[in-house]
$ cat model19.txt   # compact mmCIF, C-alpha atoms
# COMPACT_ATOMS: atom_id res chain seq x y z
CA ASN A 1 33.81 41.12 37.51
CA GLN A 2 37.52 41.74 37.08
CA LYS A 3 39.44 40.05 34.31
CA PRO A 4 42.12 37.61 35.52
CA GLN A 5 44.85 39.91 34.22
CA ASP A 6 43.36 42.97 35.97
CA LEU A 7 42.95 40.97 39.17
CA ALA A 8 46.56 39.78 39.00
CA GLU A 9 47.83 43.32 38.41
CA ASN A 10 45.73 44.60 41.29
CA LEU A 11 47.07 41.90 43.64
CA TYR A 12 50.62 42.61 42.47
CA ARG A 13 50.23 46.33 43.21
CA LYS A 14 48.83 45.60 46.66
CA SER A 15 51.64 43.15 47.36
CA LYS A 16 54.25 45.67 46.23
CA ASN A 17 52.72 48.41 48.40
CA ARG A 18 52.64 46.06 51.40
CA GLN A 19 56.31 45.21 50.85
CA ILE A 20 57.25 48.88 50.69
CA GLU A 21 55.32 49.47 53.93
CA LEU A 22 57.01 46.47 55.59
CA ASP A 23 60.45 47.69 54.49
CA GLN A 24 59.71 51.12 55.93
CA LEU A 25 58.51 49.60 59.21
CA GLN A 26 61.69 47.52 59.41
CA LYS A 27 63.83 50.63 58.89
CA ASN A 28 61.85 52.48 61.55
CA LEU A 29 62.26 49.56 63.96
CA GLU A 30 66.03 49.45 63.46
CA ALA A 31 66.23 53.23 63.93
CA LYS A 32 64.23 52.99 67.17
CA LYS A 33 66.49 50.19 68.48
CA SER A 34 69.55 52.31 67.72
CA GLN A 35 67.94 55.31 69.39
CA LEU A 36 67.08 53.24 72.49
CA HIS A 37 70.67 51.98 72.76
CA SER A 38 71.99 55.52 72.44
CA LEU A 39 69.59 56.80 75.11
CA GLN A 40 70.56 54.01 77.50
CA ASN A 41 74.23 54.97 77.11
CA LYS A 42 73.41 58.63 77.76
CA ILE A 43 71.43 57.74 80.90
CA GLU A 44 74.45 55.84 82.21
CA GLU A 45 76.68 58.85 81.50
CA LEU A 46 74.24 61.26 83.16
CA GLU A 47 74.09 59.11 86.28
CA LYS A 48 77.83 59.71 86.68
CA VAL A 49 77.44 63.51 86.52
CA SER A 50 77.98 64.84 90.04
CA ASP A 51 78.65 68.58 89.62
CA PHE A 52 78.13 71.54 87.28
CA ARG A 53 81.54 71.16 85.62
CA ALA A 54 80.80 67.54 84.73
CA LEU A 55 77.35 68.53 83.40
CA LYS A 56 78.88 71.29 81.26
CA SER A 57 81.38 68.77 79.89
CA TYR A 58 78.56 66.32 79.09
CA LEU A 59 76.53 68.96 77.24
CA GLY A 60 79.59 70.01 75.27
CA THR A 61 80.10 66.48 73.96
CA HIS A 62 76.42 65.85 73.13
CA GLN A 63 75.52 68.70 70.79
CA GLU A 64 73.79 66.17 68.53
CA ASP A 65 70.96 65.91 71.09
CA LYS A 66 69.70 69.30 69.94
CA VAL A 67 69.69 68.11 66.32
CA ASN A 68 67.89 64.85 67.17
CA THR A 69 65.19 66.72 69.08
CA LYS A 70 64.68 68.99 66.08
CA GLU A 71 64.42 66.01 63.73
CA GLN A 72 61.82 64.29 65.92
CA SER A 73 59.73 67.45 66.10
CA SER A 74 59.85 67.86 62.31
CA LEU A 75 57.06 65.33 61.72
CA PRO A 76 53.83 67.11 60.67
CA PHE A 77 51.77 65.37 63.36
CA LYS A 78 51.59 64.43 67.02
CA ILE A 79 51.47 60.67 67.66
CA PHE A 80 49.18 58.89 70.12
CA GLU A 81 48.77 55.16 70.77
CA PHE A 82 45.49 53.59 71.93
CA GLU A 83 44.45 49.93 72.08
CA GLY A 84 47.05 48.96 69.49
CA PHE A 85 46.10 51.73 67.05
CA THR A 86 48.22 54.74 66.12
CA ILE A 87 46.50 58.14 65.94
CA TRP A 88 48.04 61.13 64.18
CA VAL A 89 47.03 64.73 64.90
CA GLY A 90 48.17 67.43 62.47
CA LYS A 91 50.15 70.30 64.00
CA SER A 92 49.09 73.08 61.60
CA ALA A 93 47.13 73.72 58.40
CA LYS A 94 50.25 73.19 56.27
CA ASP A 95 51.06 70.04 58.22
CA ASN A 96 47.52 68.79 57.57
CA ASP A 97 48.27 69.06 53.85
CA GLU A 98 51.58 67.27 54.35
CA ILE A 99 49.82 64.34 56.05
CA LEU A 100 47.51 63.94 53.05
CA ARG A 101 50.34 64.34 50.57
CA GLY A 102 52.97 62.03 51.99
CA PHE A 103 51.89 59.96 54.98
CA ILE A 104 48.30 58.78 54.93
CA HIS A 105 47.09 55.47 53.44
CA LYS A 106 43.82 55.42 51.50
CA ASP A 107 42.22 52.96 53.94
CA ASP A 108 43.14 54.95 57.06
CA LEU A 109 40.31 56.70 58.87
CA TRP A 110 40.35 60.51 58.64
CA LEU A 111 38.58 62.77 61.17
CA HIS A 112 37.98 66.51 61.54
CA ALA A 113 35.81 68.83 63.61
CA ARG A 114 32.72 69.57 61.54
CA GLN A 115 32.60 73.03 59.94
CA ALA A 116 35.37 74.35 62.19
CA ALA A 117 39.08 75.02 61.84
CA GLY A 118 41.18 72.31 63.40
CA SER A 119 43.69 69.52 63.03
CA HIS A 120 43.31 66.64 60.63
CA VAL A 121 43.27 63.44 62.68
CA VAL A 122 44.14 60.02 61.27
CA ILE A 123 43.59 56.53 62.67
CA ARG A 124 46.12 54.19 61.07
CA LYS A 125 44.25 51.00 60.18
CA LYS A 126 47.33 49.02 59.05
CA GLY A 127 45.25 46.39 57.28
CA MET A 128 42.61 46.09 60.02
CA PRO A 129 39.11 45.81 58.50
CA THR A 130 37.41 47.98 61.15
CA VAL A 131 38.23 50.45 63.89
CA PRO A 132 36.81 49.68 67.37
CA LYS A 133 34.26 52.17 68.70
CA ALA A 134 36.52 53.12 71.63
CA VAL A 135 39.38 54.00 69.25
CA LEU A 136 37.06 56.04 67.02
CA GLU A 137 35.73 57.94 70.04
CA ARG A 138 39.21 58.67 71.33
CA ALA A 139 40.38 60.01 67.96
CA ALA A 140 37.18 62.06 67.62
CA ALA A 141 37.73 63.55 71.10
CA LEU A 142 41.22 64.59 70.02
CA ALA A 143 39.90 66.05 66.74
CA ALA A 144 37.39 68.13 68.73
CA PHE A 145 40.02 69.20 71.27
CA TYR A 146 42.51 70.32 68.59
CA SER A 147 39.90 72.54 66.92
CA LYS A 148 37.90 75.74 67.43
CA LEU A 149 35.26 73.58 69.16
CA LYS A 150 37.53 72.55 72.06
CA ASN A 151 35.49 74.51 74.64
CA GLU A 152 32.12 73.05 73.60
CA SER A 153 30.48 70.43 75.84
CA LEU A 154 29.75 68.32 72.75
CA ALA A 155 31.26 68.77 69.30
CA PRO A 156 30.36 67.20 65.94
CA VAL A 157 33.29 65.42 64.29
CA ILE A 158 33.16 64.00 60.77
CA TYR A 159 35.02 60.87 59.73
CA THR A 160 35.56 58.88 56.55
CA GLU A 161 38.19 56.74 54.87
CA ALA A 162 41.15 58.75 53.62
CA LYS A 163 40.44 57.81 49.99
CA TYR A 164 37.35 60.04 50.19
CA VAL A 165 39.38 63.09 51.26
CA ARG A 166 41.00 65.16 48.54
CA LYS A 167 42.90 68.39 48.27
CA VAL A 168 41.74 70.90 45.67
CA LYS A 169 44.60 72.54 43.80
CA GLY A 170 45.03 76.15 44.86
CA SER A 171 42.82 75.85 47.96
CA ALA A 172 43.84 77.24 51.35
CA PRO A 173 46.21 75.18 53.55
CA GLY A 174 44.31 72.44 55.36
CA SER A 175 41.22 72.87 53.18
CA VAL A 176 39.85 69.65 51.64
CA LEU A 177 36.77 68.15 50.00
CA VAL A 178 35.22 65.20 51.82
CA ASP A 179 32.81 62.52 50.58
CA ARG A 180 30.87 59.76 52.35
CA GLU A 181 31.48 61.26 55.77
CA LYS A 182 29.69 60.22 58.95
CA VAL A 183 29.25 62.35 62.07
CA ILE A 184 29.92 61.55 65.71
CA LEU A 185 29.07 63.82 68.66
CA ILE A 186 31.82 63.77 71.25
CA ALA A 187 33.11 65.72 74.25
CA PRO A 188 36.44 67.38 73.35
CA LYS A 189 39.27 65.87 75.38
CA GLY A 190 43.00 66.45 75.21
CA PRO A 191 45.59 63.70 75.66
CA ASP A 192 46.07 64.42 79.39
CA GLU A 193 42.33 64.17 80.12
CA LEU A 194 42.07 60.94 78.15
CA THR A 195 45.01 59.38 79.95
CA ALA A 196 43.52 60.31 83.33
CA ALA A 197 40.14 58.86 82.35
CA GLU A 198 41.78 55.57 81.33
CA LYS A 199 43.50 55.25 84.71
CA ASN A 200 40.24 55.68 86.67
$ encode --input "model19.txt" --output "structure tokens"
Amino acid sequence: NQKPQDLAENLYRKSKNRQIELDQLQKNLEAKKSQLHSLQNKIEELEKVSDFRALKSYLGTHQEDKVNTKEQSSLPFKIFEFEGFTIWVGKSAKDNDEILRGFIHKDDLWLHARQAAGSHVVIRKKGMPTVPKAVLERAAALAAFYSKLKNESLAPVIYTEAKYVRKVKGSAPGSVLVDREKVILIAPKGPDELTAAEKN
């Protein structure tokens, strides 16, 4: 049993971490609102473009679009949304390391194609006690697709909570040690295939 003081400190730490996460979410929300407003203005301007000269003029006054696109693509993962859950898919081995180092929460669910090179995949739990089976299967299908097993009919994918995934100092990019993993067999499916399946 925890001592009252230890329990209080633990609760304080959790509360502080939650507040930091909430503050970050609020900042992200405000940034998205600003981005939406900016995009709406640009759409209105583009609707008024009627010839090449006007288009050239528009592009000349919106050089920042190139910068914004670069900033958005600088995240180390692709982002997918499914049934209220956010799924991250690492873009490269170095990006996989970056996810572990600066983005993932210890309670998030981590997935990877078993014994094969591929992207680290993360299901953001955001305080949810469990991940629905459908969400797990979707993330596993993405993990299999973004791996060397993408052409297999069925691929084994391991998953565990992020706190059981650790990077060994000096190891190759993307290489990790994993404890308490479980295995799911899944057909590899990319985002386009999954979207089509959902519509049917």
$ residues_around --input "model19.txt" --residues "Asp108 (chain A)" --least-positions-apart "4" --cutoff "9 Å" --atoms "all atoms listed in the file" --output "PyMOL selection string"
chain A and resi 104+122-127+160-163
$ atom_distance --input "model19.txt" --atom1 "CA of Arg114 (chain A)" --atom2 "CA of Phe85 (chain A)"
23.0 Å
$ closest_residue --input "model19.txt" --among "A:Ser92, A:Asn17, A:Gln26, A:Asn151" --to "Ala117 (chain A)" --atoms "all atoms listed in the file"
A:Ser92
$ atom_distance --input "model19.txt" --atom1 "CA of Lys3 (chain A)" --atom2 "CA of Ser15 (chain A)"
18.1 Å
$ atom_distance --input "model19.txt" --atom1 "CA of Phe82 (chain A)" --atom2 "CA of Leu111 (chain A)"
15.7 Å
$ closest_residue --input "model19.txt" --among "A:Asp23, A:Glu30, A:Asp192, A:Asp97" --to "Arg166 (chain A)" --atoms "all atoms listed in the file"
A:Asp97
$ closest_residue --input "model19.txt" --among "A:Ala116, A:Val176, A:Val168, A:Ile186" --to "Arg138 (chain A)" --atoms "all atoms listed in the file"
A:Ile186
$ closest_residue --input "model19.txt" --among "A:Asp95, A:Asp107, A:Glu44, A:Glu152" --to "Gly174 (chain A)" --atoms "only C-alpha atoms"
A:Asp95
$ closest_residue --input "model19.txt" --among "A:Tyr12, A:Ser38, A:Lys27, A:Gly90" --to "Ser74 (chain A)" --atoms "all atoms listed in the file"
A:Gly90
$ closest_residue --input "model19.txt" --among "A:Ala140, A:Val135, A:Leu154, A:Ile184" --to "Gly84 (chain A)" --atoms "only C-alpha atoms"
A:Val135
